[in-house]
Amino acid sequence: MNPTPPRVIVVGNVTLEDVIHPDGTTNLGAVGGNSLYAALGARLWAEHVGVVTRLGEDVVQPSLRELAQAGVADGTTSIPGPAARYWVLYETDGTRRYVSRTPPERYLEVAPRPEDLPQQWLTAEPAPVLHLAAMPLAAAEAIVGAVRVAAPAIRITLDTHEDWRHDTRARVFALAGQVDCFAPSREELAELLGYDDPPRAIAELSARVDAPPALAVKLGGDGSLIWQRDQPDAVQVAALAADSVVDVTGAGDAFCGGLAAGLAAGLDVVEAARRGAVSASLAIEGFGSLRLARLDPQEAAARLARPSDPPARVTLSPAGSDDRRAIRAMLGEIDGIPSLLERQLHELDAPIGALAGTLDGIDEVVFVGCGDSYFAGQAATLAFERCAGVRATALHAMEFARYRVRYLTDRTLVVPISYSGRVGRTVEAAVQVKRFGQTMIALTGSADGLLGQSCDRSLVLSVPSLGFSPGTNTFAGMLLALLQLAAAMGERRGSGPALREALHQLPDAARETLAMAAEPARRAAGRLAGAEWLCFIGAGPSEAIARFGAAKLFEGPQMLGTWANLEEWAHEEYFVSGAGTPVVVIAPSGASRDRAEEILSELEFIGADAVVVSDIAGAELPLAPGLPEPLSPVVTALPLALLAFFLADARGKRSYNFPDDETEREHYDTIHRATVGEPA
């Protein structure tokens, strides 16, 4: 007799995880992956569940026998080569980090394919629910397309993948329109749409002609937000309290499994989401997906019966609860910088290494840009001189295009920098460099922008945006890319200490700095909110960060911010400073630390209100210790970004905006106008 075909089919991946616990104990080769969490989350509600995945040769079969014993049918396909593998590092505060041990191309090889799905499962009666867990976009498109042809009656739920970004959103939303329930996480939906506002996002998606019948946005500890076709409002389903929170890994996948099982049982999406909430709450009470295989489904039923907040109606409108210019988007982007650094270190390693291999004849680098782009170049110059062994200069794009471009040598590399790729003076600089036949590589976030079109070679960044706010994570991304290039050039030349290892300290150093500096920055902002002006001072790379700090005051709280070289302050700004004058001193460990301490003594003498950004004990805005000075700007910028946000909050600034639409248009017309002059 053939076994009963599954009512829920989960398609996803199986990974191997080398887990390091906070006490130093290890669990090497643990079997994990989104398909297991989702299948076991479904198995708590559905008697017959099947999992479709591709198994590498190194997956230990006995570990998977627990799936069969729990009633999960095996639809796996064995393939040559290893499984996707990660280091999973747990910290004492409960946070975790994933470090990939797998080449990028292997992720597509281990992703399930249409031919992996058992035909008898697809054609079963009644039609099952198929849950598509996170996977590369091309793999998801292939499976959905094949299932819609082979078994059109099947209902499909679709989760998002971390690599589905803003530049792929047209494909993602087209794919979502072919499924029955699209279930993105809040963070990944914000990455796709460019703003973090779930009610507004649902309003936007539900208004599309190809909208799926249902949306289920996972909100983490806030539960989920559910929309069903022909319903004017969304419904928020509360998260269920866990008995204890041990590890939140897999909670979203377990939710999706419970959701799919609820749909397979004939429930509407709201009731199905309540079962997903139970599965998620059980998943976070211990380590590892296979622990769920040992739970009795009666435990899930009992938890569902516990008293909980009833589903609540949430009114949808195109504007949502806030606009895309809400200043709170700035804080979200600051908080995301450590993850951005981690991802960029991995993704840009190969392309930057390839670029460095073409620059062996270069002995000078000139960075050109405006605003944050200019500051990023200035902050990176020490890394190039000390670690890559080349002369490095940062010039404002206007100065470069009109006064310096004629006088380069044939061994100079010019790096025009503009994340938007539309800044007129930077585009002009690139046009002039091309005219004079110099070596050039653009650094931009838009390969198709005017800057990218003006350069033969570009290094393209991808930085998520949560809204229209003062640039913080784009600055971090641009600066890190330059430091990565300095490290790659230095390794090829053997000049100065290799930076690669130190660069990989940056994500953790950024996390530590944000954790230490957040509350002090809030307190400092409360004290300084009534000031008429703030002056930022620093030397070396920190002079660039002083400029960055002043710029964030103009953009965020819209206060007057000035900047000065650490030494120059004593020669100029000193004369307009006195008792209570706020001066922010950026003084990380490095060559100018001793002079910063002398200037601090002078500030104390005149009674100024000095705010110190440093890794020395007692600094009001503390930094994570241990970074070499060339890398310090990445973390010194973080407390200043926090200070600007909290100043905006303290002064009642709620939106990053202009007085009116005409003023905004005029502003951007001015800075994007790419006139080309005749250089001196």
# chains A, B, ... in the order shown; residues from 1 in each chain; ligands from 1

$ residues_around --residues "stretch 246-259 of chain A" --least-positions-apart "6" --cutoff "6 Å" --atoms "only C-alpha atoms" --output "ChimeraX atom specification"
/A:34,37-39,41-42,272-273,275-277,279-280,283-287

$ write_last_selection --atoms "C-alpha atoms" --output "tab-separated table (two decimals), in the first residue's frame"
chain	number	residue	atom	x	y	z
A	34	ASN	CA	14.59	26.37	6.73
A	37	TYR	CA	11.95	24.20	10.79
A	38	ALA	CA	9.00	24.71	8.42
A	39	ALA	CA	8.21	20.99	8.04
A	41	GLY	CA	6.31	23.52	12.44
A	42	ALA	CA	3.67	22.10	10.07
A	272	ALA	CA	-3.89	29.55	10.10
A	273	ALA	CA	-1.58	32.34	11.28
A	275	ARG	CA	-1.25	28.11	14.44
A	276	GLY	CA	1.88	29.56	12.88
A	277	ALA	CA	2.32	31.71	15.99
A	279	SER	CA	4.76	26.79	16.04
A	280	ALA	CA	7.06	29.82	16.25
A	283	ALA	CA	10.59	26.74	18.05
A	284	ILE	CA	12.32	29.40	20.15
A	285	GLU	CA	12.33	27.38	23.38
A	286	GLY	CA	15.46	25.41	22.52
A	287	PHE	CA	18.38	24.93	20.13

$ select_by_dssp --residues "stretch 91-142 of chain A" --states "strand (DSSP E or B)" --output "ChimeraX atom specification"
/A:96-100,129-132

$ closest_atom_pairs --of "stretch 462-564 of chain A" --to "stretch 383-393 of chain A" --cutoff "12 Å" --atoms "only C-alpha atoms" --output "tab-separated table"
residue	atom	partner	partner_atom	distance
A:Leu479	CA	A:Ala383	CA	10.7
A:Leu480	CA	A:Ala383	CA	10.9
A:Ala481	CA	A:Ala383	CA	11.8
A:Leu482	CA	A:Phe384	CA	8.7
A:Leu483	CA	A:Ala383	CA	6.6
A:Gln484	CA	A:Ala383	CA	9.5
A:Leu485	CA	A:Phe384	CA	8.4
A:Ala486	CA	A:Phe384	CA	5.1
A:Ala487	CA	A:Ala388	CA	6.6
A:Ala488	CA	A:Ala388	CA	7.9
A:Met489	CA	A:Ala388	CA	5.5
A:Gly490	CA	A:Ala388	CA	3.7
A:Glu491	CA	A:Ala388	CA	7.5
A:Arg492	CA	A:Ala388	CA	8.5
A:Arg493	CA	A:Ala388	CA	7.0
A:Gly494	CA	A:Ala388	CA	7.9
A:Ser495	CA	A:Gly389	CA	5.5
A:Gly496	CA	A:Cys387	CA	4.5
A:Pro497	CA	A:Cys387	CA	5.8
A:Ala498	CA	A:Cys387	CA	6.8
A:Leu499	CA	A:Cys387	CA	7.2
A:Arg500	CA	A:Cys387	CA	10.6
A:Ala502	CA	A:Cys387	CA	11.7
A:Leu503	CA	A:Ala383	CA	11.3
A:Gly540	CA	A:Ala383	CA	10.8
A:Pro541	CA	A:Ala383	CA	9.1

$ atom_distance --atom1 "atom CA of A:Phe182" --atom2 "atom CA of A:Thr168"
15.8 Å

$ residues_around --residues "A:Glu519" --least-positions-apart "4" --cutoff "10 Å" --atoms "only C-alpha atoms" --output "NGL selection string"
:A and (514-515 or 523-525 or 621 or 642-643 or 646)

$ write_last_selection --atoms "C-alpha atoms" --output "PDB file, in the first residue's frame"
ATOM      1  CA  LEU A 514      26.068  50.964  18.997  1.00  0.00           C
ATOM      2  CA  ALA A 515      25.171  49.052  22.155  1.00  0.00           C
ATOM      3  CA  ARG A 523      21.297  61.684  27.119  1.00  0.00           C
ATOM      4  CA  ALA A 524      23.746  63.984  25.345  1.00  0.00           C
ATOM      5  CA  ALA A 525      21.080  64.948  22.817  1.00  0.00           C
ATOM      6  CA  LEU A 621      30.256  58.512  23.619  1.00  0.00           C
ATOM      7  CA  LEU A 642      22.980  58.353  16.879  1.00  0.00           C
ATOM      8  CA  LEU A 643      23.510  61.835  18.333  1.00  0.00           C
ATOM      9  CA  PHE A 646      18.324  61.740  19.089  1.00  0.00           C
TER      10      PHE A 646
END

$ atom_distance --atom1 "atom CA of A:Thr444" --atom2 "atom CA of A:Ser462"
8.9 Å

$ select_by_dssp --residues "stretch 270-511 of chain A" --states "helix (DSSP H, G or I)" --output "PyMOL selection string"
chain A and resi 270-283+290-294+297-304+328-335+337-347+349-356+372-387+397-407+424-436+450-454+473-493+500-503+506-511

$ residues_around --residues "A:Leu341" --least-positions-apart "2" --cutoff "10 Å" --atoms "only C-alpha atoms" --output "PyMOL selection string"
chain A and resi 336-339+343-347+463+473+476-477+480-481+503-508+510+634

$ residues_around --residues "stretch 586-594 of chain A" --least-positions-apart "6" --cutoff "6 Å" --atoms "only C-alpha atoms" --output "PyMOL selection string"
chain A and resi 538+613-615+629

$ write_last_selection --atoms "C-alpha atoms" --output "short mmCIF file (atom, residue, chain, number, x, y, z; two decimals), in the first residue's frame"
data_model
loop_
_atom_site.label_atom_id
_atom_site.label_comp_id
_atom_site.auth_asym_id
_atom_site.auth_seq_id
_atom_site.Cartn_x
_atom_site.Cartn_y
_atom_site.Cartn_z
CA GLY A 538 39.12 65.69 14.84
CA VAL A 613 33.94 60.20 21.20
CA SER A 614 36.70 57.74 22.06
CA ASP A 615 37.75 54.29 23.19
CA GLU A 629 43.34 53.87 13.37
#

$ atom_distance --atom1 "atom CA of A:Asp372" --atom2 "atom CA of A:Phe475"
6.1 Å

$ residues_around --residues "stretch 668-672 of chain A" --least-positions-apart "3" --cutoff "7 Å" --atoms "only C-alpha atoms" --output "list in words"
Arg422, Val423, Gly424, Glu664 and Arg665 of chain A

$ write_last_selection --atoms "N, CA and C atoms" --output "short mmCIF file (atom, residue, chain, number, x, y, z; two decimals), in the first residue's frame"
data_model
loop_
_atom_site.label_atom_id
_atom_site.label_comp_id
_atom_site.auth_asym_id
_atom_site.auth_seq_id
_atom_site.Cartn_x
_atom_site.Cartn_y
_atom_site.Cartn_z
N ARG A 422 24.02 60.13 -9.28
CA ARG A 422 23.38 61.25 -9.98
C ARG A 422 23.96 62.61 -9.62
N VAL A 423 24.92 62.70 -8.73
CA VAL A 423 25.43 64.00 -8.28
C VAL A 423 26.20 64.66 -9.42
N GLY A 424 25.74 65.85 -9.81
CA GLY A 424 26.24 66.49 -11.02
C GLY A 424 27.73 66.74 -11.04
N GLU A 664 12.07 71.27 -2.82
CA GLU A 664 12.74 69.99 -2.99
C GLU A 664 13.21 69.79 -4.43
N ARG A 665 12.34 70.08 -5.39
CA ARG A 665 12.72 69.93 -6.80
C ARG A 665 13.90 70.82 -7.14
#

$ closest_residue --among "A:Gly353, A:Pro6, A:Gly29, A:Gly452" --to "A:Ala260" --atoms "only C-alpha atoms"
A:Pro6

$ decode --residues "stretch 179-193 of chain A" --atoms "N, CA and C atoms" --output "CSV table (one decimal), in the first residue's frame"
chain,number,residue,atom,x,y,z
A,179,VAL,N,1.3,33.0,-6.3
A,179,VAL,CA,1.1,32.1,-5.2
A,179,VAL,C,-0.2,32.5,-4.5
A,180,ASP,N,-0.6,31.7,-3.5
A,180,ASP,CA,-1.8,32.0,-2.8
A,180,ASP,C,-1.6,32.8,-1.5
A,181,CYS,N,-0.4,32.7,-0.9
A,181,CYS,CA,-0.1,33.5,0.3
A,181,CYS,C,1.4,33.9,0.3
A,182,PHE,N,1.7,35.2,0.2
A,182,PHE,CA,3.0,35.7,0.3
A,182,PHE,C,3.3,36.0,1.7
A,183,ALA,N,4.4,35.4,2.3
A,183,ALA,CA,4.7,35.6,3.7
A,183,ALA,C,6.1,36.1,3.9
A,184,PRO,N,6.4,37.4,3.6
A,184,PRO,CA,7.7,38.0,3.8
A,184,PRO,C,7.9,38.4,5.3
A,185,SER,N,9.2,38.5,5.7
A,185,SER,CA,9.4,39.1,7.0
A,185,SER,C,9.3,40.6,6.8
A,186,ARG,N,9.2,41.3,8.0
A,186,ARG,CA,9.1,42.7,7.9
A,186,ARG,C,10.4,43.3,7.4
A,187,GLU,N,11.5,42.8,7.8
A,187,GLU,CA,12.8,43.4,7.3
A,187,GLU,C,13.0,43.2,5.8
A,188,GLU,N,12.7,42.0,5.3
A,188,GLU,CA,12.9,41.8,3.9
A,188,GLU,C,11.8,42.5,3.0
A,189,LEU,N,10.6,42.7,3.6
A,189,LEU,CA,9.7,43.5,2.8
A,189,LEU,C,10.1,45.0,2.8
A,190,ALA,N,10.7,45.5,3.9
A,190,ALA,CA,11.3,46.8,3.9
A,190,ALA,C,12.4,47.0,2.9
A,191,GLU,N,13.2,45.9,2.8
A,191,GLU,CA,14.3,46.0,1.8
A,191,GLU,C,13.8,46.0,0.4
A,192,LEU,N,12.7,45.3,0.1
A,192,LEU,CA,12.1,45.3,-1.2
A,192,LEU,C,11.5,46.6,-1.6
A,193,LEU,N,10.7,47.2,-0.7
A,193,LEU,CA,9.9,48.4,-1.0
A,193,LEU,C,10.7,49.7,-0.7
